[in-house]
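**Student:** model.txt (compact mmCIF, C-alpha atoms and all ligand atoms) pasted underneath:
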```txt
# COMPACT_ATOMS: atom_id res chain seq x y z
CA LEU A 354 -86.20 -67.32 -54.15
CA ARG A 355 -83.92 -67.14 -57.20
CA VAL A 356 -81.94 -63.97 -57.89
CA ALA A 357 -79.27 -63.13 -60.44
CA PHE A 358 -75.93 -62.17 -58.93
CA GLU A 359 -75.82 -58.92 -60.96
CA GLU A 360 -78.99 -57.74 -59.21
CA ILE A 361 -77.44 -58.44 -55.81
CA LEU A 362 -74.29 -56.55 -56.77
CA GLU A 363 -76.41 -53.52 -57.69
CA ILE A 364 -78.11 -53.56 -54.30
CA ALA A 365 -74.79 -54.10 -52.52
CA ALA A 366 -73.51 -50.97 -54.25
CA LYS A 367 -76.53 -49.05 -52.90
CA ALA A 368 -75.58 -50.30 -49.42
CA LYS A 369 -72.04 -49.00 -50.17
CA LEU A 370 -70.55 -52.48 -50.15
CA GLU A 371 -68.02 -52.70 -52.95
CA ILE A 372 -66.33 -56.07 -52.57
CA VAL A 373 -68.92 -58.79 -52.63
CA GLY A 374 -68.74 -62.48 -53.57
CA PHE A 375 -71.01 -65.52 -53.46
CA SER A 376 -70.67 -69.17 -52.56
CA ALA A 377 -73.01 -72.09 -52.00
CA ALA A 378 -74.14 -72.73 -48.43
CA SER A 379 -72.51 -76.13 -48.25
CA ALA A 380 -69.99 -77.53 -45.79
CA LEU A 381 -66.28 -77.04 -46.52
CA THR A 382 -65.11 -80.51 -45.51
CA GLU A 383 -61.50 -80.06 -46.60
CA GLU A 384 -61.24 -76.89 -44.48
CA ALA A 385 -62.83 -78.72 -41.55
CA THR A 386 -60.12 -81.40 -41.72
CA LYS A 387 -57.35 -78.78 -41.76
CA LEU A 388 -58.97 -77.02 -38.81
CA ARG A 389 -59.16 -80.26 -36.83
CA ILE A 390 -55.43 -80.90 -37.33
CA TRP A 391 -54.68 -77.31 -36.30
CA GLN A 392 -56.79 -77.67 -33.16
CA GLU A 393 -55.15 -81.01 -32.28
CA ASN A 394 -51.76 -79.32 -32.41
CA GLY A 395 -52.94 -76.91 -29.71
CA PHE A 396 -52.52 -73.91 -32.03
CA ALA A 397 -55.90 -72.44 -31.00
CA ALA A 398 -54.39 -71.65 -27.55
CA ASP A 399 -57.21 -71.15 -25.03
CA MET A 400 -59.69 -69.57 -27.49
CA LYS A 401 -62.78 -71.70 -26.84
CA TRP A 402 -64.60 -70.43 -29.94
CA MET A 403 -61.72 -71.67 -32.13
CA GLN A 404 -61.96 -75.10 -30.52
CA ARG A 405 -65.54 -75.73 -31.60
CA ASP A 406 -66.43 -78.76 -33.73
CA PRO A 407 -64.77 -78.10 -37.15
CA LEU A 408 -67.69 -79.70 -39.01
CA LYS A 409 -70.02 -77.11 -37.49
CA LEU A 410 -67.64 -74.21 -38.15
CA ALA A 411 -67.38 -75.33 -41.77
CA ASP A 412 -71.13 -75.66 -42.34
CA PRO A 413 -73.45 -72.62 -42.68
CA LEU A 414 -76.50 -74.89 -42.36
CA HIS A 415 -75.78 -74.98 -38.63
CA LEU A 416 -76.48 -71.26 -38.54
CA LEU A 417 -79.46 -71.28 -40.91
CA PRO A 418 -80.88 -74.71 -41.86
CA GLU A 419 -82.69 -73.26 -44.93
CA ALA A 420 -79.52 -71.58 -46.24
CA LYS A 421 -78.78 -71.78 -49.95
CA SER A 422 -76.01 -69.20 -50.31
CA VAL A 423 -73.38 -67.22 -48.44
CA ILE A 424 -72.75 -63.65 -49.55
CA SER A 425 -69.29 -62.59 -48.37
CA VAL A 426 -68.30 -58.96 -48.07
CA ALA A 427 -64.85 -57.43 -47.55
CA VAL A 428 -64.21 -53.84 -46.49
CA ALA A 429 -60.73 -52.30 -46.48
CA TYR A 430 -59.73 -50.38 -43.38
CA ASP A 431 -57.25 -47.54 -42.90
CA ARG A 432 -54.06 -47.98 -44.96
CA ARG A 433 -52.44 -44.63 -44.32
CA MET A 434 -48.83 -44.66 -43.13
CA LEU A 435 -48.13 -43.07 -39.79
CA PRO A 436 -44.88 -43.11 -37.81
CA SER A 437 -44.46 -46.54 -36.28
CA GLN A 438 -42.69 -45.38 -33.12
CA LYS A 439 -43.60 -42.82 -30.51
CA ALA A 440 -41.98 -42.72 -27.05
CA GLY A 441 -44.48 -43.31 -24.25
CA TYR A 442 -47.07 -44.85 -26.58
CA GLY A 443 -48.07 -48.40 -27.48
CA ARG A 444 -48.92 -49.40 -31.04
CA VAL A 445 -52.43 -50.40 -32.06
CA ALA A 446 -53.18 -52.74 -34.99
CA ARG A 447 -54.78 -50.95 -37.94
CA TYR A 448 -58.13 -52.70 -37.77
CA ALA A 449 -58.65 -51.14 -34.33
CA TRP A 450 -57.72 -47.54 -35.22
CA GLY A 451 -61.29 -46.46 -35.92
CA LYS A 452 -64.76 -47.27 -34.69
CA ASP A 453 -65.57 -50.85 -33.69
CA TYR A 454 -66.26 -52.87 -36.86
CA HIS A 455 -68.77 -55.02 -34.99
CA LEU A 456 -70.95 -51.92 -34.71
CA VAL A 457 -70.27 -50.41 -38.13
CA LEU A 458 -70.10 -53.39 -40.46
CA LYS A 459 -72.93 -55.33 -38.82
CA SER A 460 -75.34 -52.44 -39.35
CA ARG A 461 -74.11 -52.00 -42.94
CA ILE A 462 -74.82 -55.65 -43.77
CA GLU A 463 -78.19 -55.50 -42.03
CA ASP A 464 -79.09 -52.48 -44.18
CA PHE A 465 -78.04 -54.53 -47.22
CA ALA A 466 -80.40 -57.36 -46.15
CA LYS A 467 -83.25 -54.85 -45.76
CA LEU A 468 -82.63 -53.45 -49.26
CA LEU A 469 -82.63 -56.99 -50.66
CA SER A 470 -85.96 -57.84 -49.05
CA ALA A 471 -87.46 -54.51 -50.21
CA GLU A 472 -86.50 -55.52 -53.76
CA PHE A 473 -87.19 -59.27 -53.77
CA GLY A 474 -89.64 -59.80 -50.91
CA GLU A 475 -89.15 -61.59 -47.63
CA PHE A 476 -86.41 -64.20 -47.40
CA LYS A 477 -84.66 -65.97 -44.54
CA SER A 478 -81.24 -64.67 -43.58
CA ARG A 479 -78.70 -64.11 -40.83
CA SER A 480 -75.88 -61.59 -40.96
CA PHE A 481 -72.53 -61.75 -39.20
CA THR A 482 -69.23 -60.04 -38.82
CA ASP A 483 -66.35 -61.71 -37.01
CA ALA A 484 -68.43 -62.91 -34.04
CA VAL A 485 -69.65 -65.96 -35.95
CA PRO A 486 -69.06 -69.69 -35.50
CA LEU A 487 -68.14 -70.05 -39.18
CA LEU A 488 -64.90 -70.24 -41.17
CA GLU A 489 -65.60 -66.84 -42.68
CA ARG A 490 -62.19 -66.50 -44.33
CA ALA A 491 -62.60 -69.82 -46.15
CA PHE A 492 -66.07 -68.79 -47.37
CA ALA A 493 -64.69 -65.44 -48.54
CA LYS A 494 -62.02 -67.30 -50.49
CA ASN A 495 -64.61 -69.63 -52.01
CA ALA A 496 -66.66 -66.60 -52.96
CA GLY A 497 -63.70 -65.37 -55.03
CA LEU A 498 -62.79 -62.44 -52.75
CA GLY A 499 -59.14 -63.48 -52.60
CA PHE A 500 -56.71 -66.24 -51.69
CA ILE A 501 -55.39 -67.31 -48.29
CA GLY A 502 -51.79 -66.13 -47.83
CA LYS A 503 -49.02 -67.95 -45.97
CA ASN A 504 -49.76 -65.60 -43.05
CA THR A 505 -53.25 -67.26 -43.03
CA LEU A 506 -55.04 -64.03 -43.96
CA LEU A 507 -57.32 -63.39 -46.91
CA ILE A 508 -55.51 -61.41 -49.61
CA LYS A 509 -57.26 -59.74 -52.49
CA PRO A 510 -54.86 -58.85 -55.31
CA LYS A 511 -54.71 -55.04 -55.79
CA LEU A 512 -56.37 -54.56 -52.37
CA GLY A 513 -54.15 -56.55 -50.02
CA SER A 514 -55.15 -58.03 -46.68
CA PHE A 515 -56.13 -55.03 -44.55
CA THR A 516 -59.80 -55.97 -44.82
CA LEU A 517 -62.64 -56.91 -42.50
CA LEU A 518 -65.16 -59.58 -43.47
CA ALA A 519 -68.89 -59.92 -43.05
CA GLU A 520 -71.45 -62.46 -44.31
CA LEU A 521 -75.09 -62.71 -45.18
CA ILE A 522 -76.25 -66.32 -45.05
CA SER A 523 -79.66 -66.70 -46.68
CA ASP A 524 -82.10 -68.91 -48.55
CA LEU A 525 -81.57 -66.83 -51.71
CA GLU A 526 -80.51 -68.97 -54.66
CA ILE A 527 -78.03 -66.94 -56.65
CA GLU A 528 -77.94 -67.53 -60.39
CA ASN A 529 -75.59 -66.76 -63.29
CA LEU A 530 -72.50 -66.81 -61.08
CA PRO A 531 -69.42 -65.76 -63.06
CA ILE A 532 -66.53 -68.19 -63.43
CA GLN A 533 -63.93 -67.27 -60.84
CA LYS A 534 -60.51 -66.11 -61.97
CA LYS A 535 -57.56 -68.17 -60.79
CA LEU A 536 -55.59 -66.06 -58.33
CA SER A 537 -51.80 -66.19 -58.29
CA GLY A 538 -51.16 -66.56 -54.52
CA CYS A 539 -47.94 -66.16 -52.53
CA GLY A 540 -45.58 -67.91 -54.95
CA THR A 541 -42.10 -68.29 -53.46
CA CYS A 542 -42.46 -65.32 -51.08
CA THR A 543 -41.89 -66.06 -47.37
CA LYS A 544 -41.60 -62.48 -46.05
CA CYS A 545 -44.29 -62.79 -43.39
CA ILE A 546 -42.82 -66.05 -42.02
CA LYS A 547 -39.38 -64.44 -41.71
CA ALA A 548 -40.65 -61.10 -40.34
CA CYS A 549 -42.78 -62.47 -37.49
CA PRO A 550 -40.65 -61.69 -34.42
CA THR A 551 -42.16 -64.51 -32.36
CA ASN A 552 -42.11 -67.23 -35.07
CA ALA A 553 -45.87 -67.56 -34.77
CA ILE A 554 -46.17 -68.66 -38.41
CA LYS A 555 -44.87 -72.21 -37.87
CA SER A 556 -44.86 -72.94 -41.57
CA ALA A 557 -46.72 -71.65 -44.61
CA TYR A 558 -50.45 -71.35 -43.81
CA VAL A 559 -50.05 -72.54 -40.18
CA LEU A 560 -50.29 -70.00 -37.37
CA ASP A 561 -49.65 -70.90 -33.74
CA ALA A 562 -51.92 -68.53 -31.79
CA ASN A 563 -49.93 -69.20 -28.59
CA LYS A 564 -47.09 -67.14 -30.06
CA CYS A 565 -49.10 -64.54 -31.99
CA ILE A 566 -48.81 -61.00 -30.60
CA SER A 567 -52.45 -60.35 -31.51
CA TYR A 568 -53.59 -63.28 -29.39
CA LEU A 569 -51.27 -62.40 -26.48
CA SER A 570 -52.28 -58.73 -26.39
CA ILE A 571 -56.02 -59.11 -27.04
CA GLU A 572 -57.35 -62.55 -26.21
CA LYS A 573 -55.02 -63.92 -23.55
CA ARG A 574 -56.35 -63.12 -20.11
CA GLY A 575 -54.39 -62.90 -16.87
CA ASN A 576 -50.68 -63.36 -16.59
CA LEU A 577 -48.14 -63.46 -19.43
CA SER A 578 -44.89 -65.36 -19.01
CA GLU A 579 -41.70 -63.29 -18.89
CA GLU A 580 -41.00 -64.38 -22.49
CA GLU A 581 -44.51 -63.39 -23.65
CA ARG A 582 -44.17 -59.94 -22.05
CA GLY A 583 -41.08 -59.37 -24.18
CA MET A 584 -42.85 -60.72 -27.28
CA LEU A 585 -45.30 -57.78 -27.18
CA GLY A 586 -42.48 -55.38 -28.07
CA GLN A 587 -44.20 -52.03 -28.59
CA TRP A 588 -47.63 -53.52 -29.40
CA ILE A 589 -50.29 -52.63 -26.83
CA PHE A 590 -53.23 -53.99 -28.87
CA GLY A 591 -52.89 -56.39 -31.80
CA CYS A 592 -50.07 -56.54 -34.35
CA ASP A 593 -49.68 -55.82 -38.08
CA ILE A 594 -46.18 -57.11 -38.79
CA CYS A 595 -47.09 -60.05 -41.08
CA GLN A 596 -49.33 -57.72 -43.09
CA ASP A 597 -46.99 -54.71 -43.17
CA VAL A 598 -44.29 -56.78 -44.89
CA CYS A 599 -46.63 -58.41 -47.41
CA PRO A 600 -45.94 -57.21 -50.97
CA TYR A 601 -49.69 -57.28 -51.68
CA ASN A 602 -50.12 -54.46 -49.16
CA HIS A 603 -47.20 -52.31 -50.35
CA SER A 604 -48.97 -50.39 -53.09
CA GLN A 605 -51.94 -49.81 -50.77
CA LEU A 606 -49.72 -48.40 -48.02
CA LYS A 607 -47.71 -46.36 -50.52
CA GLN A 608 -50.85 -44.75 -51.86
CA GLN A 609 -52.04 -44.02 -48.32
CA PHE A 610 -55.56 -45.25 -48.93
CA GLU A 611 -58.22 -44.20 -46.50
CA ALA A 612 -60.72 -46.72 -45.15
CA GLN A 613 -63.60 -47.72 -47.47
CA ILE A 614 -65.97 -46.97 -44.60
CA PRO A 615 -64.96 -43.59 -43.10
CA GLU A 616 -65.63 -44.74 -39.50
CA PHE A 617 -62.69 -47.17 -39.82
CA GLY A 618 -60.34 -44.20 -40.23
CA TYR A 619 -58.08 -43.30 -37.29
CA GLU A 620 -59.97 -40.02 -36.78
CA PHE A 621 -62.99 -42.01 -35.55
CA GLY A 622 -61.27 -44.02 -32.84
CA VAL A 623 -58.16 -44.48 -30.74
CA GLY A 624 -55.81 -44.18 -33.75
CA PRO A 625 -52.41 -45.84 -34.16
CA TRP A 626 -51.01 -45.30 -30.65
CA LEU A 627 -52.31 -45.35 -27.13
CA SER A 628 -50.62 -43.26 -24.49
CA LEU A 629 -49.19 -45.54 -21.79
CA GLU A 630 -49.87 -42.83 -19.18
CA ARG A 631 -53.48 -42.52 -20.31
CA VAL A 632 -54.08 -46.26 -20.17
CA CYS A 633 -52.47 -46.56 -16.73
CA SER A 634 -54.59 -43.69 -15.39
CA ILE A 635 -57.89 -45.51 -16.07
CA ALA A 636 -59.14 -45.98 -12.52
CA ASN A 637 -61.75 -48.72 -12.88
CA ASN A 638 -63.73 -50.93 -15.27
CA GLN A 639 -66.52 -48.39 -15.66
CA GLU A 640 -64.10 -45.68 -16.74
CA PHE A 641 -62.45 -48.17 -19.11
CA LYS A 642 -65.80 -49.02 -20.72
CA SER A 643 -66.77 -45.39 -21.20
CA ASN A 644 -63.33 -44.66 -22.74
CA PHE A 645 -63.45 -47.53 -25.23
CA LYS A 646 -67.15 -48.30 -25.71
CA ASP A 647 -67.00 -47.69 -29.49
CA SER A 648 -63.55 -49.19 -30.04
CA PRO A 649 -62.36 -52.77 -30.64
CA VAL A 650 -59.85 -52.05 -27.84
CA ILE A 651 -62.63 -52.74 -25.32
CA ARG A 652 -62.00 -56.45 -25.98
CA ALA A 653 -58.72 -56.41 -23.98
CA LYS A 654 -60.50 -55.24 -20.79
CA ARG A 655 -58.92 -52.84 -18.30
CA GLU A 656 -56.59 -55.36 -16.64
CA GLY A 657 -55.34 -56.65 -19.99
CA LEU A 658 -54.70 -53.22 -21.49
CA ILE A 659 -52.85 -51.97 -18.39
CA ARG A 660 -50.83 -55.20 -18.34
CA ASN A 661 -49.90 -54.60 -22.00
CA ALA A 662 -49.07 -50.92 -21.36
CA ILE A 663 -46.65 -51.89 -18.58
CA CYS A 664 -45.03 -54.53 -20.82
CA VAL A 665 -44.56 -51.91 -23.58
CA ALA A 666 -43.05 -49.46 -21.05
CA VAL A 667 -40.57 -52.14 -19.91
CA ASN A 668 -39.82 -53.29 -23.48
CA THR A 669 -39.12 -49.72 -24.62
CA GLY A 670 -37.45 -48.49 -21.40
CA TYR A 671 -40.07 -45.82 -20.74
CA GLY A 672 -39.08 -44.86 -17.17
CA GLU A 673 -41.45 -41.85 -17.13
CA LEU A 674 -44.25 -44.29 -16.37
CA LYS A 675 -42.91 -44.94 -12.85
CA PRO A 676 -45.16 -42.41 -11.00
CA SER A 677 -48.23 -44.04 -12.61
CA LEU A 678 -46.93 -47.48 -11.63
CA GLU A 679 -46.51 -46.32 -8.00
CA LYS A 680 -50.23 -45.54 -7.97
CA LEU A 681 -51.13 -48.80 -9.70
CA SER A 682 -49.21 -50.79 -7.09
CA LEU A 683 -52.18 -49.99 -4.79
CA ASP A 684 -54.82 -50.94 -7.39
CA SER A 685 -57.80 -53.13 -6.45
CA SER A 686 -56.80 -55.70 -9.11
CA GLU A 687 -54.14 -58.17 -8.03
CA LEU A 688 -52.94 -58.59 -11.62
CA VAL A 689 -52.51 -54.83 -12.05
CA ARG A 690 -50.66 -54.59 -8.70
CA ASP A 691 -48.32 -57.43 -9.71
CA TYR A 692 -47.54 -55.84 -13.07
CA ALA A 693 -47.02 -52.41 -11.51
CA SER A 694 -44.46 -53.87 -9.06
CA TRP A 695 -42.78 -55.82 -11.86
CA GLY A 696 -42.67 -52.71 -14.05
CA LEU A 697 -41.22 -50.60 -11.24
CA GLY A 698 -38.54 -53.21 -10.61
CA ARG A 699 -37.62 -53.47 -14.27
CA LEU A 700 -37.61 -49.71 -14.93
CA SER A 701 -35.50 -48.87 -11.87
FE1 LIG B 1 -47.81 -64.50 -48.97
FE2 LIG B 1 -45.47 -63.13 -48.96
FE3 LIG B 1 -47.76 -61.92 -48.23
FE4 LIG B 1 -46.68 -63.81 -46.65
S1 LIG B 1 -45.76 -61.81 -47.15
S2 LIG B 1 -48.83 -63.60 -47.19
S3 LIG B 1 -45.83 -65.22 -48.16
S4 LIG B 1 -47.25 -62.75 -50.27
```
Could you take the file, read its structure, and then write that structure out as structure tokens?
Ligand code: SF4
**Tutor:**
Amino acid sequence: LRVAFEEILEIAAKAKLEIVGFSAASALTEEATKLRIWQENGFAADMKWMQRDPLKLADPLHLLPEAKSVISVAVAYDRRMLPSQKAGYGRVARYAWGKDYHLVLKSRIEDFAKLLSAEFGEFKSRSFTDAVPLLERAFAKNAGLGFIGKNTLLIKPKLGSFTLLAELISDLEIENLPIQKKLSGCGTCTKCIKACPTNAIKSAYVLDANKCISYLSIEKRGNLSEEERGMLGQWIFGCDICQDVCPYNHSQLKQQFEAQIPEFGYEFGVGPWLSLERVCSIANNQEFKSNFKDSPVIRAKREGLIRNAICVAVNTGYGELKPSLEKLSLDSSELVRDYASWGLGRLS
């Protein structure tokens, strides 16, 4: 099925998707080589999904053998400025302030696919957001949505990097593609490399996940070393430092832009801070799930979030958490008990 890109853009606008780009569904071999080197250096930490075969991650035909094109979509999340410190609270990365993007963006892109098939007839497709064994950032770059910054994130000039990505891989052949503009890139700037407090950006375009606060606070399960506990600083879930300092985000933050999809706004989720007391009072996994069922924060699981909350209390000297820690020292989870005792010792 052949379709002109202008027609797809019109339908994307009806699905309220504003930033849309297209690329061929062919393997990105150069990206696969870079990924292999990155994996061999151990920079993927223990994230199994990042250790998959690079040739598969770089090839959309593994996800849909009939694929002809990849439609990439970017949606900006909440860029309003809120105080970055609050005693007794842990900071949450912006992408997690509102409702879970897996729920919101996936349904938006599925609606888009339905509108396309209502217009052009049945076609084969699969839609994804984040939870996809594909180098989605590289495809977004190839689709002209932006360039990859030295902090390894996709940056769209005039929009910055506070965006979430989604893809529609399909057997649609897209015609009349416009010639892509050459984007300027990072130039001589190194702000993100210098600002990262844990030196996770080893060099331009190379991130060591083992040191990244986002990885430590969200993906790393179980115990953190004493050094890693300190690395969290005041971050209870995720981190925005390498994006906050990026000049491409400054005008966005200055203008206090709301999210392009309202549900990504802080009013629809946990917002920019989580109360350490509140997190430490969550009695069991069931209560945790019902508290965070619509939030990306659910990813950290109860043990992980309490562990992070205790680290933040220690890192910020929040002694008021001690009564909660006394209770947690009798918790059914050994990890939680260990962290409660450690926290009590350090805050005394
Ligand atoms: Fe590139 Fe500077 Fe932004 Fe880092 S802070 S991604 S070097 S423009």
**Student:** Would you name the residues within 10 Å of ligand LIG 1 (chain B), counting only C-alpha atoms and all ligand atoms, and put them as an mmCIF file with C-alpha atoms, in the frame of the given file?
**Tutor:**
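File result07.cif, as written:
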```cif
data_model
loop_
_atom_site.group_PDB
_atom_site.id
_atom_site.type_symbol
_atom_site.label_atom_id
_atom_site.label_comp_id
_atom_site.auth_asym_id
_atom_site.auth_seq_id
_atom_site.Cartn_x
_atom_site.Cartn_y
_atom_site.Cartn_z
ATOM 1 C CA PHE A 500 -56.710 -66.240 -51.690
ATOM 2 C CA ILE A 501 -55.390 -67.310 -48.290
ATOM 3 C CA GLY A 502 -51.790 -66.130 -47.830
ATOM 4 C CA LYS A 503 -49.020 -67.950 -45.970
ATOM 5 C CA ASN A 504 -49.760 -65.600 -43.050
ATOM 6 C CA THR A 505 -53.250 -67.260 -43.030
ATOM 7 C CA LEU A 506 -55.040 -64.030 -43.960
ATOM 8 C CA LEU A 507 -57.320 -63.390 -46.910
ATOM 9 C CA ILE A 508 -55.510 -61.410 -49.610
ATOM 10 C CA PRO A 510 -54.860 -58.850 -55.310
ATOM 11 C CA GLY A 513 -54.150 -56.550 -50.020
ATOM 12 C CA SER A 514 -55.150 -58.030 -46.680
ATOM 13 C CA SER A 537 -51.800 -66.190 -58.290
ATOM 14 C CA GLY A 538 -51.160 -66.560 -54.520
ATOM 15 C CA CYS A 539 -47.940 -66.160 -52.530
ATOM 16 C CA GLY A 540 -45.580 -67.910 -54.950
ATOM 17 C CA THR A 541 -42.100 -68.290 -53.460
ATOM 18 C CA CYS A 542 -42.460 -65.320 -51.080
ATOM 19 C CA THR A 543 -41.890 -66.060 -47.370
ATOM 20 C CA LYS A 544 -41.600 -62.480 -46.050
ATOM 21 C CA CYS A 545 -44.290 -62.790 -43.390
ATOM 22 C CA ILE A 546 -42.820 -66.050 -42.020
ATOM 23 C CA LYS A 547 -39.380 -64.440 -41.710
ATOM 24 C CA ALA A 548 -40.650 -61.100 -40.340
ATOM 25 C CA ILE A 554 -46.170 -68.660 -38.410
ATOM 26 C CA ALA A 557 -46.720 -71.650 -44.610
ATOM 27 C CA TYR A 558 -50.450 -71.350 -43.810
ATOM 28 C CA ILE A 594 -46.180 -57.110 -38.790
ATOM 29 C CA CYS A 595 -47.090 -60.050 -41.080
ATOM 30 C CA GLN A 596 -49.330 -57.720 -43.090
ATOM 31 C CA ASP A 597 -46.990 -54.710 -43.170
ATOM 32 C CA VAL A 598 -44.290 -56.780 -44.890
ATOM 33 C CA CYS A 599 -46.630 -58.410 -47.410
ATOM 34 C CA PRO A 600 -45.940 -57.210 -50.970
ATOM 35 C CA TYR A 601 -49.690 -57.280 -51.680
ATOM 36 C CA ASN A 602 -50.120 -54.460 -49.160
ATOM 37 C CA HIS A 603 -47.200 -52.310 -50.350
#
```
**Student:** For Ile424 (chain A), list every protein, DNA or RNA residue within 7 Å, evaluated using only C-alpha atoms, and leave out those in the same chain fewer than 4 positions away; present the list as a short mmCIF file (atom, residue, chain, number, x, y, z; two decimals) with C-alpha atoms, in the coordinates of the input.
**Tutor:**
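Written file, around.cif:
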```
data_model
loop_
_atom_site.label_atom_id
_atom_site.label_comp_id
_atom_site.auth_asym_id
_atom_site.auth_seq_id
_atom_site.Cartn_x
_atom_site.Cartn_y
_atom_site.Cartn_z
CA VAL A 373 -68.92 -58.79 -52.63
CA GLY A 374 -68.74 -62.48 -53.57
CA PHE A 375 -71.01 -65.52 -53.46
CA SER A 376 -70.67 -69.17 -52.56
CA GLU A 520 -71.45 -62.46 -44.31
CA LEU A 521 -75.09 -62.71 -45.18
CA ILE A 522 -76.25 -66.32 -45.05
#
```
**Student:** Tell me which protein, DNA and RNA residues are within 9 Å of region 574-579 of chain A, counting only C-alpha atoms, leaving out same-chain ones fewer than 2 positions away, and put them as a short mmCIF file (atom, residue, chain, number, x, y, z; two decimals) with C-alpha atoms, keeping the file's coordinate frame.
**Tutor:**
```cif
data_model
loop_
_atom_site.label_atom_id
_atom_site.label_comp_id
_atom_site.auth_asym_id
_atom_site.auth_seq_id
_atom_site.Cartn_x
_atom_site.Cartn_y
_atom_site.Cartn_z
CA LEU A 569 -51.27 -62.40 -26.48
CA SER A 570 -52.28 -58.73 -26.39
CA ILE A 571 -56.02 -59.11 -27.04
CA GLU A 572 -57.35 -62.55 -26.21
CA GLU A 581 -44.51 -63.39 -23.65
CA ARG A 582 -44.17 -59.94 -22.05
CA GLY A 583 -41.08 -59.37 -24.18
CA MET A 584 -42.85 -60.72 -27.28
CA ALA A 653 -58.72 -56.41 -23.98
CA LYS A 654 -60.50 -55.24 -20.79
CA GLU A 656 -56.59 -55.36 -16.64
CA GLY A 657 -55.34 -56.65 -19.99
CA ARG A 660 -50.83 -55.20 -18.34
CA LEU A 688 -52.94 -58.59 -11.62
CA TYR A 692 -47.54 -55.84 -13.07
#
```
**Student:** Can you list, as a PyMOL selection string, every protein, DNA or RNA residue that comes within 10 Å of Trp402 (chain A) when you count all atoms listed in the file, leaving out same-chain residues fewer than 3 positions away?
**Tutor:** chain A and resi 397+399+405-406+410+484-487
**Student:** For Ile462 (chain A), which residue among A:Gln587, A:Gln609, A:Asn644, A:Ser480 is the nearest when counting only C-alpha atoms?
**Tutor:**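 Under the stated criterion, the closest residue is A:Ser480.
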**Student:** Could you work out how far CA of Lys535 (chain A) lies from CA of Ala380 (chain A), giving the answer in Å with one decimal?
**Tutor:**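 Interatomic distance, CA of Ala380 (chain A) to CA of Lys535 (chain A): 21.6 Å.
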**Student:** Can you check which parts of region 561-604 of chain A lie within 9 Å of region 625-634 of chain A? Per residue, the shortest pair of atoms and distance in Å to one decimal, counting all atoms listed in the file, sorted by chain and number, as CSV.
**Tutor:**
```
residue,atom,partner,partner_atom,distance
A:Trp588,CA,A:Trp626,CA,9.0
A:Ile589,CA,A:Leu627,CA,7.6
A:Phe590,CA,A:Leu627,CA,8.9
```
**Student:** Using all atoms listed in the file, pick whichever of A:Lys680, A:Lys439, A:Lys642, A:Lys494 has the shortest atom-to-atom distance to Ala666 (chain A).
**Tutor:**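 Nearest to Ala666 (chain A): A:Lys439.
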